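run34.csv follows; it contains CSV, C-alpha atoms (C1' of nucleotides).
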```csv
chain,number,residue,atom,x,y,z
A,99,MET,CA,-7.4,6.2,13.4
A,100,ASN,CA,-4.1,5.2,11.8
A,101,VAL,CA,-3.3,7.2,8.7
A,102,VAL,CA,-0.8,4.7,7.3
A,103,ALA,CA,-3.2,1.8,7.9
A,104,ILE,CA,-6.0,3.5,6.0
A,105,SER,CA,-3.7,4.5,3.2
A,106,LYS,CA,-2.8,0.9,2.8
A,107,VAL,CA,-6.5,0.0,2.4
A,108,LEU,CA,-7.0,2.8,-0.1
A,109,ALA,CA,-3.9,1.9,-2.1
A,110,ASN,CA,-5.8,-0.5,-4.2
A,111,ASP,CA,-7.9,0.4,-7.3
A,112,THR,CA,-10.9,-1.8,-6.4
A,113,ARG,CA,-11.1,-0.8,-2.8
A,114,LEU,CA,-10.8,2.9,-3.7
A,115,SER,CA,-13.5,2.4,-6.3
A,116,ILE,CA,-15.9,0.8,-3.8
A,117,LEU,CA,-15.5,3.7,-1.5
A,118,ARG,CA,-16.3,6.1,-4.4
A,119,TRP,CA,-19.3,4.0,-5.6
A,120,LEU,CA,-20.8,4.1,-2.1
A,121,LYS,CA,-20.8,7.8,-2.2
A,122,ASP,CA,-23.7,7.7,-4.7
A,123,PRO,CA,-25.5,4.3,-4.6
A,124,GLU,CA,-28.4,5.5,-6.7
A,125,GLU,CA,-26.0,6.3,-9.5
A,126,ASN,CA,-23.9,3.2,-9.2
A,127,PHE,CA,-26.1,0.3,-8.2
A,128,PRO,CA,-29.6,-1.1,-9.1
A,129,PRO,CA,-32.3,-0.7,-6.4
A,130,HIS,CA,-32.6,-3.4,-3.8
A,131,LYS,CA,-35.5,-5.7,-4.1
A,132,ASP,CA,-36.6,-5.6,-0.4
A,133,ILE,CA,-36.1,-1.9,0.4
A,134,ASP,CA,-36.4,1.2,-1.6
A,135,HIS,CA,-33.5,3.2,-0.2
A,136,PHE,CA,-29.8,3.0,0.4
A,137,ASP,CA,-29.7,4.3,3.9
A,138,ASP,CA,-27.8,1.3,5.2
A,139,GLY,CA,-25.7,1.1,2.0
A,140,VAL,CA,-25.4,-1.5,-0.7
A,141,CYS,CA,-25.4,-5.3,-0.4
A,142,VAL,CA,-22.3,-7.3,-1.1
A,143,GLY,CA,-23.6,-9.0,-4.2
A,144,TYR,CA,-24.1,-5.7,-6.1
A,145,ILE,CA,-20.6,-4.5,-5.1
A,146,GLN,CA,-19.2,-7.8,-6.3
A,147,ASP,CA,-21.0,-7.5,-9.7
A,148,LYS,CA,-19.8,-4.0,-10.2
A,149,ALA,CA,-16.2,-4.8,-9.2
A,150,GLY,CA,-16.0,-8.0,-11.3
A,151,LEU,CA,-13.9,-9.9,-8.8
A,152,SER,CA,-14.8,-13.1,-7.0
A,153,GLN,CA,-17.2,-13.2,-4.1
A,154,SER,CA,-14.5,-14.2,-1.6
A,155,THR,CA,-12.2,-11.4,-2.7
A,156,ILE,CA,-14.8,-8.7,-2.4
A,157,SER,CA,-15.9,-10.0,1.0
A,158,THR,CA,-12.3,-9.9,2.1
A,159,TYR,CA,-11.9,-6.4,0.8
A,160,LEU,CA,-15.1,-5.2,2.5
A,161,SER,CA,-13.9,-6.8,5.7
A,162,LEU,CA,-10.5,-5.0,5.4
A,163,MET,CA,-12.3,-1.7,4.8
A,164,GLN,CA,-14.5,-2.3,7.8
A,165,GLN,CA,-11.6,-3.1,10.1
A,166,ALA,CA,-10.2,0.3,9.1
A,167,ASP,CA,-13.5,1.8,10.0
A,168,LEU,CA,-14.0,3.2,6.5
A,169,ILE,CA,-17.4,1.4,6.1
A,170,ILE,CA,-20.2,0.3,8.4
A,171,PRO,CA,-22.0,-3.1,7.9
A,172,THR,CA,-25.7,-3.6,8.6
A,173,ARG,CA,-27.4,-7.0,8.4
A,174,HIS,CA,-30.8,-7.2,6.7
A,175,GLY,CA,-31.9,-10.8,6.7
A,176,LYS,CA,-29.6,-12.8,4.4
A,177,TRP,CA,-27.9,-9.6,3.2
A,178,THR,CA,-25.2,-7.5,4.6
A,179,TYR,CA,-25.3,-3.8,3.5
A,180,TYR,CA,-22.2,-1.6,3.7
A,181,ARG,CA,-22.2,2.2,3.8
A,182,ARG,CA,-19.5,4.8,4.2
A,183,ASN,CA,-18.3,6.0,7.6
A,184,GLU,CA,-18.1,9.7,6.7
A,185,ALA,CA,-16.7,10.7,10.0
A,186,VAL,CA,-13.6,8.5,9.7
A,187,ILE,CA,-13.1,9.3,6.0
A,188,ASP,CA,-13.2,13.0,6.9
A,189,GLN,CA,-10.8,12.6,9.8
A,190,TYR,CA,-8.5,10.6,7.6
A,191,MET,CA,-8.4,13.4,4.9
A,192,LYS,CA,-7.8,16.0,7.6
A,193,SER,CA,-5.0,14.1,9.2
A,194,LEU,CA,-3.3,13.3,6.0
A,195,ARG,CA,-3.4,16.9,4.9
A,196,GLN,CA,-1.9,18.0,8.2
A,197,MET,CA,0.8,15.3,8.1
A,198,ILE,CA,1.7,15.6,4.5
B,232,MET,CA,-0.5,11.7,-11.5
B,233,ASN,CA,-1.9,8.4,-10.3
B,234,VAL,CA,-3.7,8.6,-7.0
B,235,VAL,CA,-3.4,4.9,-6.1
B,236,ALA,CA,0.2,4.7,-7.1
B,237,ILE,CA,1.0,7.7,-4.8
B,238,SER,CA,-1.1,6.2,-2.0
B,239,LYS,CA,1.0,3.0,-2.2
B,240,VAL,CA,4.2,5.0,-1.8
B,241,LEU,CA,2.7,6.9,1.2
B,242,ALA,CA,1.3,3.7,2.8
B,243,ASN,CA,4.6,3.1,4.6
B,244,ASP,CA,5.6,4.7,7.9
B,245,THR,CA,9.2,5.6,6.9
B,246,ARG,CA,8.3,7.1,3.5
B,247,LEU,CA,5.5,9.2,5.0
B,248,SER,CA,7.9,10.4,7.7
B,249,ILE,CA,10.5,11.3,5.1
B,250,LEU,CA,8.0,13.5,3.3
B,251,ARG,CA,7.0,15.1,6.6
B,252,TRP,CA,10.6,15.7,7.6
B,253,LEU,CA,11.4,17.4,4.3
B,254,LYS,CA,8.7,19.9,5.0
B,255,ASP,CA,10.9,21.5,7.7
B,256,PRO,CA,14.6,20.6,7.1
B,257,GLU,CA,15.9,23.2,9.6
B,258,GLU,CA,13.9,21.5,12.3
B,259,ASN,CA,14.6,17.9,11.3
B,260,PHE,CA,18.2,17.8,10.0
B,261,PRO,CA,21.6,19.2,10.9
B,262,PRO,CA,23.0,21.9,8.5
B,263,HIS,CA,24.9,20.8,5.5
B,264,LYS,CA,28.6,21.3,5.6
B,265,ASP,CA,29.0,22.8,2.1
B,266,ILE,CA,25.9,25.0,1.9
B,267,ASP,CA,24.0,27.0,4.5
B,268,HIS,CA,20.5,26.4,3.2
B,269,PHE,CA,18.1,23.6,2.3
B,270,ASP,CA,16.8,25.1,-1.0
B,271,ASP,CA,17.5,21.9,-2.8
B,272,GLY,CA,16.5,19.7,0.1
B,273,VAL,CA,18.4,17.3,2.2
B,274,CYS,CA,21.2,14.8,1.4
B,275,VAL,CA,20.5,11.1,1.5
B,276,GLY,CA,22.9,10.4,4.4
B,277,TYR,CA,21.0,12.7,6.8
B,278,ILE,CA,17.7,11.1,5.8
B,279,GLN,CA,19.2,7.7,6.3
B,280,ASP,CA,20.5,8.6,9.8
B,281,LYS,CA,17.2,9.9,10.8
B,282,ALA,CA,15.2,7.0,9.5
B,283,GLY,CA,17.5,4.4,11.0
B,284,LEU,CA,17.3,2.0,8.0
B,285,SER,CA,20.1,0.8,5.7
B,286,GLN,CA,21.6,3.0,3.0
B,287,SER,CA,20.2,0.8,0.3
B,288,THR,CA,16.7,0.7,1.7
B,289,ILE,CA,16.6,4.5,2.0
B,290,SER,CA,18.0,5.0,-1.4
B,291,THR,CA,15.4,2.6,-2.8
B,292,TYR,CA,12.6,4.5,-0.9
B,293,LEU,CA,13.8,7.8,-2.2
B,294,SER,CA,13.9,6.4,-5.7
B,295,LEU,CA,10.3,5.2,-5.3
B,296,MET,CA,9.2,8.6,-4.1
B,297,GLN,CA,10.9,10.3,-6.9
B,298,GLN,CA,9.3,7.9,-9.5
B,299,ALA,CA,6.0,9.0,-8.0
B,300,ASP,CA,7.1,12.6,-8.5
B,301,LEU,CA,6.7,13.3,-4.8
B,302,ILE,CA,10.3,14.5,-4.4
B,303,ILE,CA,12.9,16.2,-6.7
B,304,PRO,CA,16.6,15.3,-6.7
B,305,THR,CA,19.5,17.7,-7.2
B,306,ARG,CA,23.1,16.6,-7.4
B,307,HIS,CA,25.7,18.7,-5.6
B,308,GLY,CA,29.1,17.1,-6.1
B,309,LYS,CA,29.1,13.8,-4.4
B,310,TRP,CA,25.7,14.4,-2.7
B,311,THR,CA,22.2,14.1,-3.9
B,312,TYR,CA,19.7,16.4,-2.3
B,313,TYR,CA,16.0,15.7,-2.2
B,314,ARG,CA,13.2,18.2,-1.8
B,315,ARG,CA,9.5,18.0,-1.9
B,316,ASN,CA,7.5,18.5,-5.1
B,317,GLU,CA,4.8,20.6,-3.5
B,318,ALA,CA,2.8,20.9,-6.8
B,319,VAL,CA,2.3,17.1,-7.0
B,320,ILE,CA,1.7,16.7,-3.3
B,321,ASP,CA,-1.0,19.3,-3.5
B,322,GLN,CA,-2.6,17.8,-6.6
B,323,TYR,CA,-2.6,14.4,-4.9
B,324,MET,CA,-4.4,15.8,-1.9
B,325,LYS,CA,-7.0,17.6,-4.1
B,326,SER,CA,-7.6,14.5,-6.3
B,327,LEU,CA,-7.9,12.2,-3.3
B,328,ARG,CA,-10.4,14.5,-1.6
B,329,GLN,CA,-12.5,14.7,-4.7
B,330,MET,CA,-12.4,10.9,-5.3
B,331,ILE,CA,-12.9,9.8,-1.8
C,170,DT,C1',45.4,8.6,-11.4
C,171,DT,C1',44.6,6.1,-7.4
C,172,DT,C1',41.8,6.4,-3.4
C,173,DT,C1',37.9,7.7,-0.9
C,174,DC,C1',33.3,8.9,-0.2
C,175,DA,C1',28.2,9.4,-1.3
C,176,DT,C1',24.7,7.3,-3.6
C,177,DA,C1',22.6,4.0,-6.8
C,178,DT,C1',21.7,-0.5,-8.3
C,179,DC,C1',21.8,-5.6,-8.0
C,180,DT,C1',20.8,-9.9,-5.7
C,181,DA,C1',18.7,-12.4,-2.2
C,182,DT,C1',15.4,-13.7,1.4
C,183,DA,C1',11.4,-12.9,4.4
C,184,DT,C1',7.0,-11.0,4.7
C,185,DT,C1',2.8,-9.2,2.9
C,186,DT,C1',-0.7,-8.7,-0.4
C,187,DC,C1',-3.6,-10.4,-4.3
C,188,DG,C1',-7.1,-13.1,-5.8
C,189,DC,C1',-9.2,-17.5,-6.1
C,190,DG,C1',-11.8,-22.0,-5.1
C,191,DA,C1',-13.5,-24.6,-1.4
C,192,DT,C1',-15.9,-24.6,2.7
C,193,DA,C1',-18.4,-22.8,6.8
C,194,DT,C1',-22.1,-19.9,8.8
C,195,DG,C1',-26.3,-17.7,9.3
C,196,DT,C1',-30.8,-16.7,7.6
C,197,DA,C1',-35.1,-17.4,5.2
C,198,DA,C1',-37.9,-20.2,2.2
C,199,DA,C1',-39.9,-24.5,1.0
D,154,DT,C1',-36.3,-29.4,9.3
D,155,DT,C1',-34.3,-29.7,4.9
D,156,DT,C1',-32.9,-26.7,1.3
D,157,DA,C1',-31.3,-22.7,-0.9
D,158,DC,C1',-29.1,-18.5,-0.8
D,159,DA,C1',-26.0,-14.5,0.7
D,160,DT,C1',-21.9,-13.7,2.9
D,161,DA,C1',-17.7,-14.9,5.6
D,162,DT,C1',-13.7,-17.4,6.4
D,163,DC,C1',-9.9,-20.8,5.2
D,164,DG,C1',-6.1,-22.4,2.6
D,165,DC,C1',-3.6,-21.8,-1.2
D,166,DG,C1',-0.1,-20.3,-5.0
D,167,DA,C1',1.5,-16.3,-7.4
D,168,DA,C1',3.0,-11.7,-7.3
D,169,DA,C1',4.6,-7.6,-4.9
D,170,DT,C1',7.0,-5.4,-1.1
D,171,DA,C1',10.4,-4.7,2.7
D,172,DT,C1',14.9,-4.7,3.9
D,173,DA,C1',19.7,-5.9,3.8
D,174,DG,C1',24.4,-6.9,2.1
D,175,DA,C1',27.4,-6.7,-1.9
D,176,DT,C1',28.7,-4.3,-5.7
D,177,DA,C1',28.8,-0.6,-9.2
D,178,DT,C1',29.0,4.3,-10.4
D,179,DG,C1',30.3,9.1,-10.3
D,180,DA,C1',32.6,12.8,-8.2
D,181,DA,C1',36.0,14.9,-5.3
D,182,DA,C1',40.4,14.5,-2.7
D,183,DA,C1',44.9,12.9,-2.1
```
Would you mind writing the file's structure down as structure tokens?
Amino acid sequence: MNVVAISKVLANDTRLSILRWLKDPEENFPPHKDIDHFDDGVCVGYIQDKAGLSQSTISTYLSLMQQADLIIPTRHGKWTYYRRNEAVIDQYMKSLRQMI
Amino acid sequence: MNVVAISKVLANDTRLSILRWLKDPEENFPPHKDIDHFDDGVCVGYIQDKAGLSQSTISTYLSLMQQADLIIPTRHGKWTYYRRNEAVIDQYMKSLRQMI
DNA sequence: TTTTCATATCTATATTTCGCGATATGTAAA
DNA sequence: TTTACATATCGCGAAATATAGATATGAAAA
């Protein structure tokens, strides 16, 4: 867990928003068609619609966030669902508070 | 107080280190020649020596950090001393935790 | 009142990031 | 076994950032 690396990922309005939206999928996204819960998170298309940026940009952002271990992907058929990695997010906040 | 703007400033090893060093000047810097306390912080030259980057780079970094209200400058004769702005740092941590 | 010293600002270049369209990949549907 | 769809990756130009040297500024010392 690299604090500065994670700070870089979070130093972007869209990426910070995505992390926030994923905290409450019911509130921020429509229900998925194939499943009736958000246990594995939210599919890329919904995140893209909400963010209003191109498909490739959002996919790249999600990839960045995943490389930083902030989110966890799960494949369901054609779709990839992303959910928060609460343990890492928590650890980041704790480390940052201690460092700062 | 803009959370993303502050995150950008802190998403850099040197700048994060500077903020940490300023938390304990006695521990991290030699005593100043003209004054025997660090109440107004630490002069630019000492910070530059410790960081090992050029004078202009450190001055630019400190200026960035000041624009983000993370540090407060005080002029003492030829020297500029910088100290932490604990209120803003605290508010940043609180906001980030709530957002994240 | 020149000179010196500490810091700030300007200018320049290299690297990184932003964001996109085009294309590739993997999966399910037809 | 093609086709269609969701997502990932590639390649790109534009914008921002990192970092330095040169120069300017402001204050004290000579």
**OP:** Return the single residue from D:DT162, D:DT155, D:DT172, D:DT178 that is closest to chain A, with distances computed using all atoms listed in the file.
**Re:** D:DT162
Original post:
Which one is closest to chain A: C:DG188, C:DA199, C:DA177, C:DT194? Count all atoms listed in the file.
Top reply: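 Nearest candidate to chain A out of C:DG188, C:DA199, C:DA177, C:DT194: C:DG188.
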**OP:** Enumerate as a ChimeraX atom specification the residues belonging to chain B that approach chain A to within 8 Å, with all atoms listed in the file taken into account.
**Re:** /B:235-236,238-239,241-244,247,250-251,320,324,328,330-331
Saved selection, atoms kept: C-alpha atoms, as a PDB file, keeping the file's coordinate frame:
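Output below, filename result.pdb:
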```pdb
ATOM      1  CA  VAL B 235      -3.400   4.900  -6.100  1.00  0.00           C
ATOM      2  CA  ALA B 236       0.200   4.700  -7.100  1.00  0.00           C
ATOM      3  CA  SER B 238      -1.100   6.200  -2.000  1.00  0.00           C
ATOM      4  CA  LYS B 239       1.000   3.000  -2.200  1.00  0.00           C
ATOM      5  CA  LEU B 241       2.700   6.900   1.200  1.00  0.00           C
ATOM      6  CA  ALA B 242       1.300   3.700   2.800  1.00  0.00           C
ATOM      7  CA  ASN B 243       4.600   3.100   4.600  1.00  0.00           C
ATOM      8  CA  ASP B 244       5.600   4.700   7.900  1.00  0.00           C
ATOM      9  CA  LEU B 247       5.500   9.200   5.000  1.00  0.00           C
ATOM     10  CA  LEU B 250       8.000  13.500   3.300  1.00  0.00           C
ATOM     11  CA  ARG B 251       7.000  15.100   6.600  1.00  0.00           C
ATOM     12  CA  ILE B 320       1.700  16.700  -3.300  1.00  0.00           C
ATOM     13  CA  MET B 324      -4.400  15.800  -1.900  1.00  0.00           C
ATOM     14  CA  ARG B 328     -10.400  14.500  -1.600  1.00  0.00           C
ATOM     15  CA  MET B 330     -12.400  10.900  -5.300  1.00  0.00           C
ATOM     16  CA  ILE B 331     -12.900   9.800  -1.800  1.00  0.00           C
TER      17      ILE B 331
END
```
Show me a table, sorted first by chain and then by increasing residue number, of the residues of chain B having an atom at most 8 Å from chain D, each with its shortest atom pair and the distance in Å to one decimal, counting all atoms listed in the file and written as a tab-separated table.
```
residue	atom	partner	partner_atom	distance
B:Ser285	CA	D:DA173	C1'	7.0
B:Ser287	CA	D:DA173	C1'	7.6
B:Thr288	CA	D:DT172	C1'	6.1
B:Gly308	CA	D:DA180	C1'	5.9
B:Lys309	CA	D:DA180	C1'	5.3
```
Rotated and translated chain B onto chain A by C-alpha atoms, as a tab-separated table (two decimals) with C-alpha atoms, in the frame of the given file:
```
chain	number	residue	atom	x	y	z
B	232	MET	CA	-7.45	6.17	13.41
B	233	ASN	CA	-4.18	5.20	11.79
B	234	VAL	CA	-3.32	7.20	8.72
B	235	VAL	CA	-0.90	4.67	7.20
B	236	ALA	CA	-3.14	1.75	7.87
B	237	ILE	CA	-6.03	3.56	6.04
B	238	SER	CA	-3.69	4.56	3.20
B	239	LYS	CA	-2.79	0.87	2.71
B	240	VAL	CA	-6.45	-0.05	2.40
B	241	LEU	CA	-7.02	2.81	-0.12
B	242	ALA	CA	-3.84	1.97	-2.12
B	243	ASN	CA	-5.78	-0.52	-4.24
B	244	ASP	CA	-7.86	0.38	-7.30
B	245	THR	CA	-10.90	-1.81	-6.45
B	246	ARG	CA	-11.14	-0.73	-2.78
B	247	LEU	CA	-10.86	2.95	-3.69
B	248	SER	CA	-13.56	2.47	-6.33
B	249	ILE	CA	-15.81	0.74	-3.83
B	250	LEU	CA	-15.58	3.71	-1.50
B	251	ARG	CA	-16.29	6.06	-4.40
B	252	TRP	CA	-19.25	4.02	-5.57
B	253	LEU	CA	-20.81	4.01	-2.10
B	254	LYS	CA	-20.83	7.75	-2.17
B	255	ASP	CA	-23.68	7.68	-4.73
B	256	PRO	CA	-25.51	4.29	-4.57
B	257	GLU	CA	-28.46	5.50	-6.70
B	258	GLU	CA	-26.05	6.28	-9.48
B	259	ASN	CA	-23.84	3.20	-9.15
B	260	PHE	CA	-26.13	0.30	-8.17
B	261	PRO	CA	-29.54	-1.08	-9.09
B	262	PRO	CA	-32.29	-0.71	-6.39
B	263	HIS	CA	-32.58	-3.33	-3.77
B	264	LYS	CA	-35.48	-5.67	-4.07
B	265	ASP	CA	-36.60	-5.56	-0.41
B	266	ILE	CA	-36.07	-1.87	0.39
B	267	ASP	CA	-36.41	1.28	-1.69
B	268	HIS	CA	-33.49	3.20	-0.24
B	269	PHE	CA	-29.76	2.93	0.37
B	270	ASP	CA	-29.73	4.31	3.96
B	271	ASP	CA	-27.76	1.37	5.15
B	272	GLY	CA	-25.68	1.12	2.01
B	273	VAL	CA	-25.37	-1.50	-0.60
B	274	CYS	CA	-25.41	-5.34	-0.45
B	275	VAL	CA	-22.25	-7.27	-1.10
B	276	GLY	CA	-23.57	-8.99	-4.26
B	277	TYR	CA	-24.12	-5.67	-6.09
B	278	ILE	CA	-20.63	-4.51	-5.11
B	279	GLN	CA	-19.22	-7.78	-6.28
B	280	ASP	CA	-21.00	-7.53	-9.68
B	281	LYS	CA	-19.76	-4.10	-10.19
B	282	ALA	CA	-16.20	-4.79	-9.24
B	283	GLY	CA	-15.98	-7.94	-11.32
B	284	LEU	CA	-13.89	-9.90	-8.75
B	285	SER	CA	-14.77	-13.13	-6.91
B	286	GLN	CA	-17.21	-13.21	-4.01
B	287	SER	CA	-14.47	-14.12	-1.61
B	288	THR	CA	-12.10	-11.40	-2.73
B	289	ILE	CA	-14.82	-8.75	-2.39
B	290	SER	CA	-15.90	-10.01	0.93
B	291	THR	CA	-12.29	-9.96	2.11
B	292	TYR	CA	-11.89	-6.34	0.78
B	293	LEU	CA	-15.02	-5.23	2.51
B	294	SER	CA	-13.83	-6.83	5.71
B	295	LEU	CA	-10.52	-4.95	5.40
B	296	MET	CA	-12.33	-1.68	4.87
B	297	GLN	CA	-14.53	-2.26	7.77
B	298	GLN	CA	-11.52	-3.14	10.05
B	299	ALA	CA	-10.17	0.25	9.02
B	300	ASP	CA	-13.50	1.76	10.02
B	301	LEU	CA	-13.99	3.15	6.53
B	302	ILE	CA	-17.35	1.40	6.05
B	303	ILE	CA	-20.20	0.25	8.39
B	304	PRO	CA	-22.08	-3.04	7.96
B	305	THR	CA	-25.77	-3.63	8.62
B	306	ARG	CA	-27.41	-7.01	8.36
B	307	HIS	CA	-30.84	-7.20	6.73
B	308	GLY	CA	-31.96	-10.82	6.69
B	309	LYS	CA	-29.68	-12.73	4.48
B	310	TRP	CA	-27.91	-9.57	3.17
B	311	THR	CA	-25.22	-7.43	4.57
B	312	TYR	CA	-25.29	-3.81	3.57
B	313	TYR	CA	-22.27	-1.57	3.65
B	314	ARG	CA	-22.20	2.20	3.89
B	315	ARG	CA	-19.52	4.73	4.24
B	316	ASN	CA	-18.30	5.98	7.62
B	317	GLU	CA	-18.09	9.61	6.61
B	318	ALA	CA	-16.72	10.70	10.06
B	319	VAL	CA	-13.60	8.50	9.66
B	320	ILE	CA	-13.15	9.30	6.01
B	321	ASP	CA	-13.19	12.96	6.84
B	322	GLN	CA	-10.79	12.59	9.77
B	323	TYR	CA	-8.44	10.62	7.53
B	324	MET	CA	-8.43	13.37	4.96
B	325	LYS	CA	-7.81	16.08	7.62
B	326	SER	CA	-5.00	14.08	9.31
B	327	LEU	CA	-3.33	13.28	6.01
B	328	ARG	CA	-3.41	16.91	4.91
B	329	GLN	CA	-1.91	18.05	8.16
B	330	MET	CA	0.83	15.34	8.11
B	331	ILE	CA	1.73	15.57	4.52
```
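The space between CA of Asn259 in chain B and CA of Gly276 in chain B spans 13.1 Å.
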Subject >> Atom pair C1' of DG195 in chain C / CA of Trp177 in chain A: separation (Å) >> reply: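 Straight-line distance from C1' of DG195 in chain C to CA of Trp177 in chain A works out to 10.3 Å.
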Residues of chain C within 9 Å of chain A, counting only C-alpha atoms (C1' of nucleotides), as a compact mmCIF listing (two decimals) with C-alpha atoms (C1' of nucleotides), in the frame of the given file:
```
# COMPACT_ATOMS: atom_id res chain seq x y z
C1' DC C 187 -3.60 -10.40 -4.30
C1' DG C 188 -7.10 -13.10 -5.80
C1' DC C 189 -9.20 -17.50 -6.10
C1' DG C 190 -11.80 -22.00 -5.10
C1' DG C 195 -26.30 -17.70 9.30
C1' DT C 196 -30.80 -16.70 7.60
C1' DA C 197 -35.10 -17.40 5.20
```
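Distance-wise, C1' of DA181 in chain C and CA of Ile278 in chain B end up 24.8 Å apart.
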